[in-house]
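Dumped data_31.txt below, it's compact mmCIF, C-alpha atoms and all ligand atoms:
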```
# COMPACT_ATOMS: atom_id res chain seq x y z
CA MET A 1 180.32 95.23 83.55
CA ALA A 2 180.98 96.38 87.08
CA VAL A 3 178.47 99.16 87.78
CA MET A 4 174.98 98.15 86.63
CA ARG A 5 173.06 101.32 87.42
CA MET A 6 172.42 104.25 89.70
CA GLY A 7 170.38 102.40 92.30
CA TYR A 8 169.28 105.07 94.72
CA VAL A 9 169.00 108.78 95.39
CA HIS A 10 168.87 109.95 98.99
CA ALA A 11 167.42 113.46 99.26
CA ARG A 12 166.45 115.92 101.97
CA VAL A 13 162.96 117.36 102.38
CA THR A 14 161.79 120.09 104.72
CA ASP A 15 158.48 118.42 105.55
CA LEU A 16 158.24 114.64 105.39
CA ALA A 17 154.44 114.48 105.50
CA GLU A 18 154.11 116.73 102.46
CA ALA A 19 156.92 114.90 100.70
CA LYS A 20 155.12 111.58 101.22
CA GLN A 21 152.00 113.06 99.70
CA HIS A 22 154.05 113.99 96.62
CA TYR A 23 156.23 110.91 96.16
CA ALA A 24 153.63 108.31 97.15
CA ASN A 25 150.30 109.79 96.08
CA SER A 26 151.23 112.02 93.15
CA LEU A 27 154.13 110.05 91.69
CA GLY A 28 152.91 106.67 92.89
CA LEU A 29 156.07 105.27 94.52
CA TYR A 30 155.66 102.37 96.93
CA GLU A 31 156.79 102.96 100.51
CA THR A 32 158.93 100.03 101.66
CA LEU A 33 160.21 101.32 104.99
CA ALA A 34 159.88 104.29 107.34
CA GLU A 35 162.26 104.71 110.26
CA ASP A 36 164.46 107.35 111.94
CA GLY A 37 162.83 110.25 110.09
CA LYS A 38 163.48 108.62 106.72
CA VAL A 39 161.14 107.06 104.19
CA TYR A 40 162.21 104.49 101.59
CA TYR A 41 160.49 104.03 98.24
CA LYS A 42 160.60 101.91 95.14
CA GLY A 43 158.79 102.16 91.82
CA TRP A 44 156.39 99.40 90.78
CA ASP A 45 158.80 97.89 88.26
CA GLU A 46 161.81 97.89 90.58
CA TRP A 47 162.73 94.74 92.48
CA ASP A 48 165.31 96.00 94.97
CA HIS A 49 164.18 97.37 98.31
CA HIS A 50 164.41 101.08 97.47
CA SER A 51 165.51 103.60 94.89
CA VAL A 52 164.54 106.79 96.71
CA VAL A 53 165.25 107.75 100.31
CA LEU A 54 163.79 110.93 101.80
CA GLU A 55 165.15 112.40 104.99
CA GLU A 56 163.46 115.18 106.93
CA GLY A 57 165.44 118.39 107.42
CA GLY A 58 166.82 120.67 104.74
CA VAL A 59 166.79 120.31 100.96
CA GLY A 60 169.09 118.89 98.31
CA VAL A 61 170.84 115.58 97.95
CA VAL A 62 172.53 113.53 100.67
CA LYS A 63 174.06 110.84 98.44
CA PHE A 64 173.73 108.55 95.46
CA GLY A 65 174.07 104.76 95.43
CA PHE A 66 175.50 102.81 92.49
CA LYS A 67 174.92 99.08 92.27
CA VAL A 68 177.58 96.70 91.00
CA GLU A 69 176.99 93.18 89.76
CA TYR A 70 179.38 91.17 91.94
CA GLU A 71 180.67 91.57 95.46
CA SER A 72 184.21 91.44 94.05
CA ASP A 73 183.45 94.54 91.95
CA ILE A 74 183.55 96.55 95.17
CA ASP A 75 187.28 95.84 95.62
CA LEU A 76 187.91 96.66 91.99
CA ILE A 77 186.17 100.02 92.20
CA GLU A 78 187.77 100.80 95.54
CA LYS A 79 191.17 100.27 93.93
CA ARG A 80 190.30 102.42 90.91
CA ALA A 81 188.93 105.20 93.12
CA GLN A 82 192.08 105.18 95.27
CA ASP A 83 194.29 105.20 92.19
CA TYR A 84 192.27 108.17 90.96
CA GLY A 85 193.16 109.96 94.20
CA LEU A 86 189.85 109.73 96.02
CA SER A 87 189.74 108.80 99.67
CA VAL A 88 187.47 105.83 100.02
CA GLU A 89 185.86 104.45 103.14
CA ARG A 90 184.25 101.07 103.65
CA MET A 91 180.59 100.95 104.59
CA SER A 92 179.16 97.97 106.36
CA LYS A 93 176.01 96.03 105.67
CA GLY A 94 172.98 97.66 107.23
CA GLU A 95 174.44 101.19 107.47
CA ASN A 96 171.77 101.80 104.88
CA PRO A 97 168.78 99.62 105.74
CA GLU A 98 168.45 96.59 103.44
CA VAL A 99 171.67 97.50 101.60
CA SER A 100 174.86 95.42 101.48
CA ASP A 101 178.32 96.47 102.48
CA GLY A 102 180.33 98.52 100.01
CA ILE A 103 182.32 101.69 99.75
CA ARG A 104 181.72 105.42 100.03
CA PHE A 105 183.69 108.35 98.67
CA ILE A 106 183.28 112.03 97.97
CA SER A 107 183.54 113.00 94.32
CA PRO A 108 185.54 115.99 93.07
CA SER A 109 182.14 117.73 92.81
CA GLU A 110 181.67 117.14 96.57
CA HIS A 111 178.79 114.71 96.17
CA VAL A 112 178.68 111.54 98.24
CA PHE A 113 178.68 108.32 96.21
CA GLU A 114 178.13 104.87 97.63
CA VAL A 115 178.78 101.62 95.81
CA TYR A 116 177.00 98.45 96.91
CA HIS A 117 176.44 94.98 95.49
CA ALA A 118 173.08 93.94 96.92
CA GLN A 119 169.80 95.15 98.34
CA THR A 120 167.06 93.03 99.82
CA VAL A 121 164.98 91.88 96.88
CA ILE A 122 161.30 92.69 97.25
CA GLY A 123 160.29 91.97 93.66
CA THR A 124 158.36 94.08 91.20
CA GLU A 125 154.68 94.71 91.77
CA VAL A 126 153.79 92.32 88.95
CA GLY A 127 156.19 89.60 90.01
CA THR A 128 158.06 87.24 87.70
CA HIS A 129 155.55 84.43 87.47
CA ASN A 130 153.46 84.98 84.31
CA PRO A 131 153.47 88.73 85.08
CA GLU A 132 150.78 91.17 84.00
CA ALA A 133 151.82 94.22 81.96
CA PHE A 134 151.41 96.64 84.85
CA PRO A 135 149.80 96.73 88.30
CA ARG A 136 146.08 97.32 88.08
CA HIS A 137 145.80 99.92 90.83
CA LEU A 138 148.65 102.32 90.28
CA VAL A 139 148.46 105.57 92.23
CA GLY A 140 148.84 108.93 90.45
CA VAL A 141 151.54 109.04 87.78
CA GLY A 142 152.59 105.52 88.76
CA VAL A 143 156.26 105.86 87.85
CA PRO A 144 157.85 102.44 87.27
CA ALA A 145 161.41 103.32 88.29
CA LEU A 146 164.11 105.86 89.04
CA ASP A 147 165.87 106.89 85.82
CA HIS A 148 168.77 109.32 86.26
CA ALA A 149 170.07 112.43 88.01
CA LEU A 150 171.70 115.69 87.00
CA ILE A 151 174.21 117.14 89.43
CA LEU A 152 176.23 120.35 89.39
CA ALA A 153 180.01 120.61 89.54
CA GLU A 154 182.60 123.34 89.09
CA ASP A 155 184.72 121.09 86.89
CA VAL A 156 182.68 118.99 84.46
CA ARG A 157 185.66 117.46 82.65
CA THR A 158 187.11 116.12 85.88
CA MET A 159 183.76 114.57 86.77
CA GLU A 160 183.55 112.88 83.39
CA ASN A 161 187.06 111.53 83.92
CA MET A 162 186.12 110.25 87.33
CA PHE A 163 183.04 108.45 86.02
CA ARG A 164 185.06 106.94 83.16
CA THR A 165 187.99 105.86 85.27
CA VAL A 166 186.29 104.71 88.45
CA PHE A 167 182.87 103.51 87.24
CA ASP A 168 183.71 102.70 83.59
CA PHE A 169 180.91 105.02 82.41
CA PHE A 170 180.99 106.57 78.94
CA PRO A 171 179.58 109.89 77.69
CA THR A 172 176.69 109.90 75.20
CA GLU A 173 176.27 113.65 74.76
CA ARG A 174 178.05 116.81 75.79
CA VAL A 175 177.85 120.58 75.65
CA GLN A 176 181.35 121.79 74.86
CA THR A 177 182.93 124.99 73.59
CA ASP A 178 184.88 123.29 70.80
CA LEU A 179 184.21 120.17 68.74
CA ASP A 180 187.80 119.11 69.41
CA ASP A 181 187.65 117.47 72.85
CA ASN A 182 191.21 118.46 73.66
CA ASP A 183 190.62 122.18 73.13
CA ALA A 184 187.10 122.22 74.49
CA HIS A 185 185.79 123.39 77.80
CA PHE A 186 183.09 120.95 78.93
CA ILE A 187 179.91 122.71 80.05
CA ALA A 188 177.85 119.57 80.58
CA THR A 189 178.11 115.83 80.01
CA TRP A 190 175.60 112.95 79.94
CA MET A 191 176.92 109.52 80.93
CA THR A 192 175.87 105.91 81.26
CA CYS A 193 177.24 102.38 81.61
CA ASN A 194 174.61 100.51 79.59
CA ASN A 195 172.01 101.12 76.86
CA GLN A 196 170.09 103.66 78.93
CA ILE A 197 170.86 107.04 77.34
CA HIS A 198 172.07 108.56 80.60
CA GLN A 199 172.14 107.64 84.26
CA ILE A 200 174.04 110.63 85.51
CA ALA A 201 174.66 114.01 83.95
CA VAL A 202 176.89 116.79 85.18
CA LEU A 203 176.35 120.49 84.48
CA GLU A 204 178.75 123.30 85.30
CA GLY A 205 177.63 125.00 88.50
CA PRO A 206 178.18 125.19 92.25
CA GLN A 207 179.68 122.16 94.00
CA SER A 208 177.58 119.53 95.78
CA LYS A 209 174.26 120.71 94.34
CA LEU A 210 171.39 118.74 92.89
CA HIS A 211 169.75 119.90 89.68
CA HIS A 212 167.15 117.12 89.51
CA PHE A 213 166.48 113.43 89.75
CA ALA A 214 164.20 111.76 87.25
CA PHE A 215 161.71 108.93 86.99
CA LYS A 216 161.10 106.79 83.94
CA LEU A 217 157.94 106.92 81.87
CA GLY A 218 156.97 105.01 78.72
CA ASP A 219 156.10 107.58 76.07
CA TRP A 220 154.58 110.97 75.21
CA THR A 221 151.11 109.85 76.26
CA GLU A 222 152.31 108.99 79.73
CA VAL A 223 154.21 112.27 79.96
CA GLY A 224 151.04 114.16 79.00
CA ARG A 225 148.99 112.30 81.54
CA ALA A 226 151.61 113.03 84.21
CA ALA A 227 151.31 116.75 83.44
CA ASP A 228 147.53 116.56 83.90
CA LEU A 229 148.01 114.95 87.29
CA MET A 230 150.52 117.64 88.27
CA SER A 231 147.85 120.28 87.64
CA MET A 232 145.34 118.31 89.71
CA ASP A 233 147.80 118.09 92.59
CA ASP A 234 149.07 121.69 92.26
CA ILE A 235 152.65 120.59 91.60
CA PRO A 236 154.73 123.52 90.26
CA ILE A 237 155.85 122.65 86.73
CA ASP A 238 159.20 124.15 85.79
CA ILE A 239 158.89 123.35 82.09
CA GLY A 240 157.10 120.93 79.80
CA PRO A 241 155.82 118.65 78.60
CA THR A 242 158.55 119.12 76.01
CA ARG A 243 161.50 117.30 74.46
CA HIS A 244 165.19 117.50 75.20
CA GLY A 245 167.30 117.83 72.04
CA ILE A 246 170.02 116.19 74.10
CA THR A 247 169.08 112.50 74.62
CA ARG A 248 165.82 113.10 72.62
CA GLY A 249 163.92 112.35 75.83
CA GLN A 250 160.38 113.59 76.46
CA THR A 251 160.16 115.42 79.71
CA ILE A 252 158.53 117.49 82.40
CA TYR A 253 160.60 119.30 85.01
CA PHE A 254 158.68 119.95 88.21
CA PHE A 255 159.33 120.58 91.89
CA ASP A 256 158.65 118.50 94.97
CA PRO A 257 157.06 120.23 98.02
CA SER A 258 160.51 121.19 99.35
CA GLY A 259 161.69 122.70 96.08
CA ASN A 260 163.87 119.82 94.89
CA ARG A 261 163.53 119.51 91.13
CA ASN A 262 162.12 116.23 89.80
CA GLU A 263 161.67 115.08 86.22
CA VAL A 264 159.64 112.48 84.41
CA PHE A 265 161.56 111.24 81.41
CA ALA A 266 160.48 109.03 78.51
CA GLY A 267 162.34 107.75 75.49
CA GLY A 268 165.92 108.55 74.65
CA TYR A 269 167.75 106.51 72.01
CA PRO A 270 169.84 103.47 72.99
CA ALA A 271 173.40 104.18 74.11
CA TYR A 272 176.43 102.19 72.96
CA ARG A 273 180.06 102.46 73.97
CA ASP A 274 181.16 102.73 70.34
CA ARG A 275 178.52 105.27 69.30
CA PRO A 276 180.13 108.65 68.59
CA VAL A 277 179.31 111.27 71.23
CA ASN A 278 176.74 113.91 70.26
CA LYS A 279 178.28 117.33 70.75
CA TRP A 280 176.32 120.53 71.30
CA THR A 281 177.90 123.93 70.99
CA PRO A 282 177.02 126.67 73.51
CA ASP A 283 175.13 128.71 70.88
CA GLN A 284 172.69 125.81 70.50
CA ILE A 285 172.45 124.84 74.16
CA ALA A 286 168.88 126.19 74.45
CA LYS A 287 167.67 123.87 71.69
CA GLY A 288 169.66 121.05 73.21
CA ILE A 289 167.97 121.40 76.57
CA PHE A 290 164.45 122.48 75.52
CA TYR A 291 163.94 121.38 71.94
CA HIS A 292 160.63 123.18 71.39
CA ALA A 293 160.98 126.48 73.25
CA ARG A 294 164.62 126.78 72.06
CA GLU A 295 165.09 129.21 74.89
CA LEU A 296 166.92 128.45 78.09
CA ASN A 297 164.80 129.76 80.94
CA GLU A 298 166.90 131.41 83.62
CA ARG A 299 165.81 128.74 86.10
CA PHE A 300 167.68 125.96 84.28
CA THR A 301 171.07 127.30 85.30
CA THR A 302 170.22 129.16 88.50
CA VAL A 303 167.69 127.00 90.35
CA HIS A 304 168.93 123.97 92.29
CA THR A 305 168.93 122.58 95.80
CA MET B 1 143.57 141.81 104.12
CA PRO B 2 147.27 142.51 104.06
CA THR B 3 148.82 144.49 101.24
CA VAL B 4 152.31 144.39 99.82
CA THR B 5 153.87 147.70 98.86
CA ILE B 6 156.79 147.45 96.48
CA HIS B 7 159.60 149.89 97.15
CA PRO B 8 160.67 152.12 95.40
CA SER B 9 157.94 152.22 92.75
CA GLY B 10 155.16 152.23 95.34
CA GLU B 11 152.74 149.73 93.75
CA VAL B 12 150.30 148.32 96.27
CA ILE B 13 149.12 144.74 95.86
CA TYR B 14 146.25 143.13 97.67
CA LEU B 15 146.70 139.63 99.09
CA GLU B 16 144.09 137.09 100.06
CA PRO B 17 144.42 135.86 103.66
CA ASP B 18 147.19 133.22 104.00
CA GLU B 19 148.52 133.99 100.53
CA THR B 20 152.29 134.15 100.05
CA VAL B 21 154.01 137.27 98.76
CA LEU B 22 155.10 135.45 95.60
CA SER B 23 151.68 134.02 94.85
CA GLY B 24 150.04 137.40 95.45
CA LEU B 25 152.39 139.25 93.13
CA TYR B 26 152.04 136.70 90.33
CA LYS B 27 148.25 136.60 90.68
CA ALA B 28 148.27 140.39 90.41
CA GLY B 29 150.06 140.26 87.05
CA TYR B 30 153.64 140.85 88.16
CA ALA B 31 156.74 138.76 87.46
CA TYR B 32 160.26 138.60 88.86
CA THR B 33 162.98 135.97 89.23
CA ILE B 34 161.56 132.90 90.90
CA GLY B 35 162.32 129.19 90.83
CA CYS B 36 160.79 126.28 92.67
CA ARG B 37 157.95 128.19 94.42
CA ARG B 38 158.38 125.70 97.26
CA GLY B 39 161.05 127.28 99.44
CA GLY B 40 164.01 125.18 98.30
CA CYS B 41 166.05 127.12 95.75
CA ALA B 42 166.47 130.44 97.62
CA ILE B 43 166.20 132.49 94.45
CA CYS B 44 163.04 134.43 95.35
CA LYS B 45 164.51 136.36 98.29
CA VAL B 46 163.45 139.97 98.70
CA ASP B 47 164.02 142.50 101.48
CA CYS B 48 161.23 143.36 103.86
CA HIS B 49 161.45 147.02 105.01
CA ALA B 50 158.26 147.32 107.04
CA GLY B 51 155.57 145.06 108.45
CA SER B 52 155.87 141.44 109.52
CA PHE B 53 155.42 138.02 107.97
CA HIS B 54 155.80 134.36 108.85
CA TYR B 55 156.76 131.30 106.82
CA ASN B 56 153.94 128.88 106.10
CA ARG B 57 156.32 125.89 106.01
CA PRO B 58 159.62 124.96 107.64
CA VAL B 59 162.48 126.55 105.69
CA ALA B 60 165.88 124.85 105.39
CA ASP B 61 168.68 126.70 107.17
CA THR B 62 170.75 126.42 104.00
CA VAL B 63 168.06 128.51 102.29
CA ILE B 64 167.53 131.09 105.05
CA THR B 65 170.52 131.30 107.38
CA ALA B 66 170.19 132.26 111.04
CA GLU B 67 171.42 135.73 110.12
CA GLU B 68 168.92 136.10 107.28
CA ALA B 69 166.11 135.05 109.59
CA VAL B 70 166.50 138.34 111.47
CA ASP B 71 167.89 140.79 108.90
CA GLY B 72 164.67 141.40 106.98
CA THR B 73 165.35 138.78 104.30
CA CYS B 74 162.05 137.47 103.03
CA LEU B 75 161.77 134.18 101.11
CA SER B 76 158.82 135.38 99.10
CA CYS B 77 157.39 132.00 98.06
CA ARG B 78 156.93 130.94 101.68
CA ALA B 79 156.30 134.31 103.34
CA VAL B 80 152.75 135.12 104.42
CA PRO B 81 152.35 138.74 105.62
CA GLU B 82 150.78 139.26 109.05
CA ASN B 83 149.99 142.89 108.27
CA ASP B 84 150.74 145.35 105.50
CA ILE B 85 154.34 144.93 104.42
CA THR B 86 156.79 146.83 102.26
CA ILE B 87 159.30 144.89 100.20
CA GLU B 88 162.14 145.70 97.84
CA LEU B 89 163.46 143.32 95.21
CA ARG B 90 167.14 142.53 94.91
CA GLY B 91 168.89 143.63 91.74
CA GLU B 92 165.72 143.98 89.67
CA ASN B 93 162.25 145.44 89.83
CA VAL B 94 158.98 143.63 89.37
CA ARG B 95 157.72 143.59 85.79
CA LEU B 96 154.06 144.15 85.13
CA VAL B 97 153.37 141.38 82.61
CA ASN B 98 149.60 141.22 82.83
CA PRO B 99 147.71 144.54 83.21
CA PHE B 100 144.37 142.70 83.22
CA LEU B 101 145.29 140.77 86.37
CA ARG B 102 146.65 144.00 87.84
CA GLN B 103 143.29 145.69 87.36
CA MET B 104 141.42 142.81 88.96
CA ASN B 105 143.72 142.96 91.96
CA GLU B 106 143.25 146.72 92.26
CA LYS B 107 139.46 146.30 92.25
CA ALA B 108 139.67 143.54 94.84
CA ARG B 109 141.73 145.83 97.05
CA LEU B 110 139.27 148.73 96.71
CA ARG B 111 136.33 146.41 97.46
CA ALA B 112 138.09 145.04 100.53
CA GLU B 113 138.87 148.57 101.74
CA ALA B 114 135.27 149.71 101.22
CA THR B 115 133.97 146.67 103.13
CA ALA B 116 136.35 147.38 106.00
CA ALA B 117 135.38 151.04 106.10
CA ALA B 118 131.67 150.17 106.15
CA GLU B 119 132.31 147.73 109.00
CA ARG B 120 134.11 150.44 110.99
CA THR B 121 131.21 152.85 110.46
CA ARG B 122 128.67 150.22 111.53
CA ARG B 123 130.64 149.48 114.70
CA ALA B 124 131.02 153.18 115.46
CA GLY B 125 127.22 153.65 115.03
CA THR B 126 126.45 150.80 117.43
CA THR B 127 128.76 152.24 120.06
CA THR B 128 127.09 155.69 119.88
CA LYS B 129 123.60 154.28 120.46
CA GLU B 130 124.64 152.39 123.56
S1 LIG A 401 161.13 130.21 94.46
FE1 LIG A 401 162.52 128.66 95.19
S2 LIG A 401 162.76 129.32 97.28
FE2 LIG A 401 161.22 130.65 96.56
FE FE A 402 167.08 114.81 83.32
```

Rendering of file as structure tokens:
Amino acid sequence: MAVMRMGYVHARVTDLAEAKQHYANSLGLYETLAEDGKVYYKGWDEWDHHSVVLEEGGVGVVKFGFKVEYESDIDLIEKRAQDYGLSVERMSKGENPEVSDGIRFISPSEHVFEVYHAQTVIGTEVGTHNPEAFPRHLVGVGVPALDHALILAEDVRTMENMFRTVFDFFPTERVQTDLDDNDAHFIATWMTCNNQIHQIAVLEGPQSKLHHFAFKLGDWTEVGRAADLMSMDDIPIDIGPTRHGITRGQTIYFFDPSGNRNEVFAGGYPAYRDRPVNKWTPDQIAKGIFYHARELNERFTTVHT
Amino acid sequence: MPTVTIHPSGEVIYLEPDETVLSGLYKAGYAYTIGCRRGGCAICKVDCHAGSFHYNRPVADTVITAEEAVDGTCLSCRAVPENDITIELRGENVRLVNPFLRQMNEKARLRAEATAAAERTRRAGTTTKE
């Protein structure tokens, strides 16, 4: 396995002080570094230096980082990306604080992807030596880790091809106009490279845009508690708590203080390369996205940063 | 106590001090197309025809361009009126979804107007005696 996971999301926020309030105090991320108008965070159950980077000025996403297992995987992916027709540049160690050297390219959807093989290891908040089940003094929701992101692209099929060819990802679910993949137009696709139900999803929409990035939670109870905390902290909830038909995950969509959409996501069945892809037809897309309301609010397709 | 007048239907909505246009309209029982409510998604833009407002937070220049900053575009979830303003929605009209909230807002506006009028009278009285 070359790519292990989506390791970081680097997003823009209009007001860093307010963003810190949200990501540190409401969501409970741990700040690991602050410099040059950027703040770096990790969740309590993450061991690498950071999984979220916030940069002051604007909204939306700057880039995504994908972590590979071995240094030699970088060359392999560089080759595959070049063969796929992408122009790849090398990035050196330290260009991103505490991140190794690697490569950078712009996807057909005009998002910036970085691939790296190491980050400074900080360790989880419970450590590895006879660890407790969770840290005793979590703040707010206390999210353990980054989970996945949904991005927008004009051409979903091409993005799925890119993820398959360059990153060796595979789709777990799709919204498509025809059950025959060859005839179908792909409206959205959910992809992963391991047992996690999705790490990146792509929805048809304007280039380079972010729909949301999501944090992991354990179960319904934790999702419900997160919603209570969002009310206490006056966080605008987009929808939820509810379930996604697609992935079966339990969810809340909400917005950060700059209007970037976040999600907390629990559950989702285990993904396997040989498991047949779940296919949703456009007439059932509402149930696929919001399993209980069975109605697609207009914000789902029109609101992004 | 700024008010928002909605063109062309002419509804007048009362806002608390420092309240945004979006928050005021929703609290008064109206709905229209909105998204993040935090100034990021650009979907809540309306046109401001009269009066002035400021933004209560920095707004990204991808959301409000330099041109839009001066052409009367009003990002309603971040816009706080400085005086009575008149707005017009783009491609839709506000929908009254909660008449009960509308009534409460109307009463709040009438109370605020009565208080202001009484204050003016009191001041005028004081001036005459001097
Ligand atoms: S509702 Fe998103 S910018 Fe106003
Ligand atoms: Fe999601």

Q: Please identify every residue of chain A that has at least one atom no more than 8 Å from any atom of chain B, counting only C-alpha atoms, and report them as a PyMOL selection string.
A: chain A and resi 14-15+57-59+236+238+255-261+299+302-305

Q) So which residues touch Lys38 (chain A) within 7 Å, counting only C-alpha atoms, skipping near sequence neighbours fewer than 2 positions away, as number ranges by chain? A) A: 34-36, 40, 53-56

Q) Neighbours of ligand FE 402 (chain A) within 8 Å, counting all atoms listed in the file, as a list of chain:residue names? A) A:His148, A:Ala149, A:Leu150, A:Ala201, A:His212, A:Phe213, A:Ala214, A:Thr251, A:Glu263, A:Val264, A:Phe265

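Counting all atoms listed in the file, the residue from B:Ala28, B:Val4, B:Cys74, B:Cys48 that sits nearest to ligand LIG 401 (chain A) is B:Cys74.
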
Please write as a tab-separated table (two decimals) with C-alpha atoms, keeping the file's coordinate frame the list of polymer residues whose atoms come within 9 Å of (173.3, 122.2, 94.4), counting all atoms listed in the file and keeping to the coordinates of the file.
```tsv
chain	number	residue	atom	x	y	z
A	60	GLY	CA	169.09	118.89	98.31
A	61	VAL	CA	170.84	115.58	97.95
A	151	ILE	CA	174.21	117.14	89.43
A	152	LEU	CA	176.23	120.35	89.39
A	153	ALA	CA	180.01	120.61	89.54
A	205	GLY	CA	177.63	125.00	88.50
A	206	PRO	CA	178.18	125.19	92.25
A	207	GLN	CA	179.68	122.16	94.00
A	208	SER	CA	177.58	119.53	95.78
A	209	LYS	CA	174.26	120.71	94.34
A	210	LEU	CA	171.39	118.74	92.89
A	211	HIS	CA	169.75	119.90	89.68
A	303	VAL	CA	167.69	127.00	90.35
A	304	HIS	CA	168.93	123.97	92.29
A	305	THR	CA	168.93	122.58	95.80
B	41	CYS	CA	166.05	127.12	95.75
```

Q: Might you pull out every residue within 10 Å of Gly24 (chain B), with all atoms listed in the file counted and same-chain residues fewer than 2 positions away left off, and present them as a PyMOL selection string?
A: chain B and resi 3-4+13-16+18-22+26-30+76-77+80+105

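Coordinates place CA of Gln119 (chain A) at a distance of 24.5 Å from CA of Asn25 (chain A).
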
Box time for ligand LIG 401 (chain A): axis-aligned, enclosing all its listed atoms, 8 Å extra on each side; report centre and edge lengths in Å to one decimal, as lines of an AutoDock Vina configuration file.
```
center_x = 161.9
center_y = 129.7
center_z = 95.9
size_x = 17.6
size_y = 18.0
size_z = 18.8
```

Q: Compile the contact shell of region 93-96 of chain B as a ChimeraX atom specification: residues with an atom at most 12 Å away, counting all atoms listed in the file, same-chain residues fewer than 2 positions apart removed.
A: /B:5-11,13,22,25-34,44,46,87-91,98-103

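Relative to CA of Gly65 (chain A), CA of Phe105 (chain A) is found at 10.8 Å.
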
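If only C-alpha atoms are the atoms counted, then among A:Arg225, A:His111, A:His117, A:Arg273 the closest residue to Gly140 (chain A) is A:Arg225.
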
Q: For region 92-102 of chain A, list every protein, DNA or RNA residue within 6 Å, evaluated using only C-alpha atoms, and leave out those in the same chain fewer than 4 positions away; present the list as a list in words.
A: Val115, Tyr116, Ala118, Gln119 and Thr120 of chain A

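One finds CA of Met1 (chain B) at 13.3 Å from CA of Lys107 (chain B).
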
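Distances here use all atoms listed in the file; by that measure, the residue among B:Pro17, B:Ala117, B:Ala69, B:Leu75 closest to ligand LIG 401 (chain A) is B:Leu75.
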
Q.
Residues near region 73-80 of chain A, anyone? I mean within 10 Å using only C-alpha atoms, not counting same-chain ones fewer than 2 positions away, as a ChimeraX atom specification.
A. /A:1-3,67-71,82-90,101-105,115-117,162,165-168

I need the chosen residues saved as a short mmCIF file (atom, residue, chain, number, x, y, z; two decimals), in the coordinates of the input, with C-alpha atoms.
```cif
data_model
loop_
_atom_site.label_atom_id
_atom_site.label_comp_id
_atom_site.auth_asym_id
_atom_site.auth_seq_id
_atom_site.Cartn_x
_atom_site.Cartn_y
_atom_site.Cartn_z
CA MET A 1 180.32 95.23 83.55
CA ALA A 2 180.98 96.38 87.08
CA VAL A 3 178.47 99.16 87.78
CA LYS A 67 174.92 99.08 92.27
CA VAL A 68 177.58 96.70 91.00
CA GLU A 69 176.99 93.18 89.76
CA TYR A 70 179.38 91.17 91.94
CA GLU A 71 180.67 91.57 95.46
CA GLN A 82 192.08 105.18 95.27
CA ASP A 83 194.29 105.20 92.19
CA TYR A 84 192.27 108.17 90.96
CA GLY A 85 193.16 109.96 94.20
CA LEU A 86 189.85 109.73 96.02
CA SER A 87 189.74 108.80 99.67
CA VAL A 88 187.47 105.83 100.02
CA GLU A 89 185.86 104.45 103.14
CA ARG A 90 184.25 101.07 103.65
CA ASP A 101 178.32 96.47 102.48
CA GLY A 102 180.33 98.52 100.01
CA ILE A 103 182.32 101.69 99.75
CA ARG A 104 181.72 105.42 100.03
CA PHE A 105 183.69 108.35 98.67
CA VAL A 115 178.78 101.62 95.81
CA TYR A 116 177.00 98.45 96.91
CA HIS A 117 176.44 94.98 95.49
CA MET A 162 186.12 110.25 87.33
CA THR A 165 187.99 105.86 85.27
CA VAL A 166 186.29 104.71 88.45
CA PHE A 167 182.87 103.51 87.24
CA ASP A 168 183.71 102.70 83.59
#
```

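Minimum atom-to-atom distances from B:Ala50, B:Ala118, B:Ala112, B:Ala79 to ligand LIG 401 (chain A) were compared using all atoms listed in the file, and the lowest value belongs to B:Ala79.
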
Repaired coordinates for region 33-38 of chain A (N, CA, C and O atoms) as a compact mmCIF listing (two decimals), in the coordinates of the input:
```txt
# COMPACT_ATOMS: atom_id res chain seq x y z
N LEU A 33 159.72 101.24 103.62
CA LEU A 33 160.21 101.32 104.99
C LEU A 33 160.12 102.78 105.45
O LEU A 33 160.32 103.69 104.66
N ALA A 34 159.82 102.95 106.74
CA ALA A 34 159.88 104.29 107.34
C ALA A 34 160.50 104.13 108.71
O ALA A 34 159.96 103.41 109.56
N GLU A 35 161.65 104.73 108.93
CA GLU A 35 162.26 104.71 110.26
C GLU A 35 163.28 105.83 110.40
O GLU A 35 163.85 106.29 109.41
N ASP A 36 163.48 106.30 111.62
CA ASP A 36 164.46 107.35 111.94
C ASP A 36 164.29 108.60 111.08
O ASP A 36 165.27 109.17 110.59
N GLY A 37 163.05 109.03 110.88
CA GLY A 37 162.83 110.25 110.09
C GLY A 37 163.17 110.10 108.63
O GLY A 37 163.40 111.08 107.94
N LYS A 38 163.22 108.86 108.14
CA LYS A 38 163.48 108.62 106.72
C LYS A 38 162.40 107.71 106.15
O LYS A 38 161.89 106.83 106.84
```
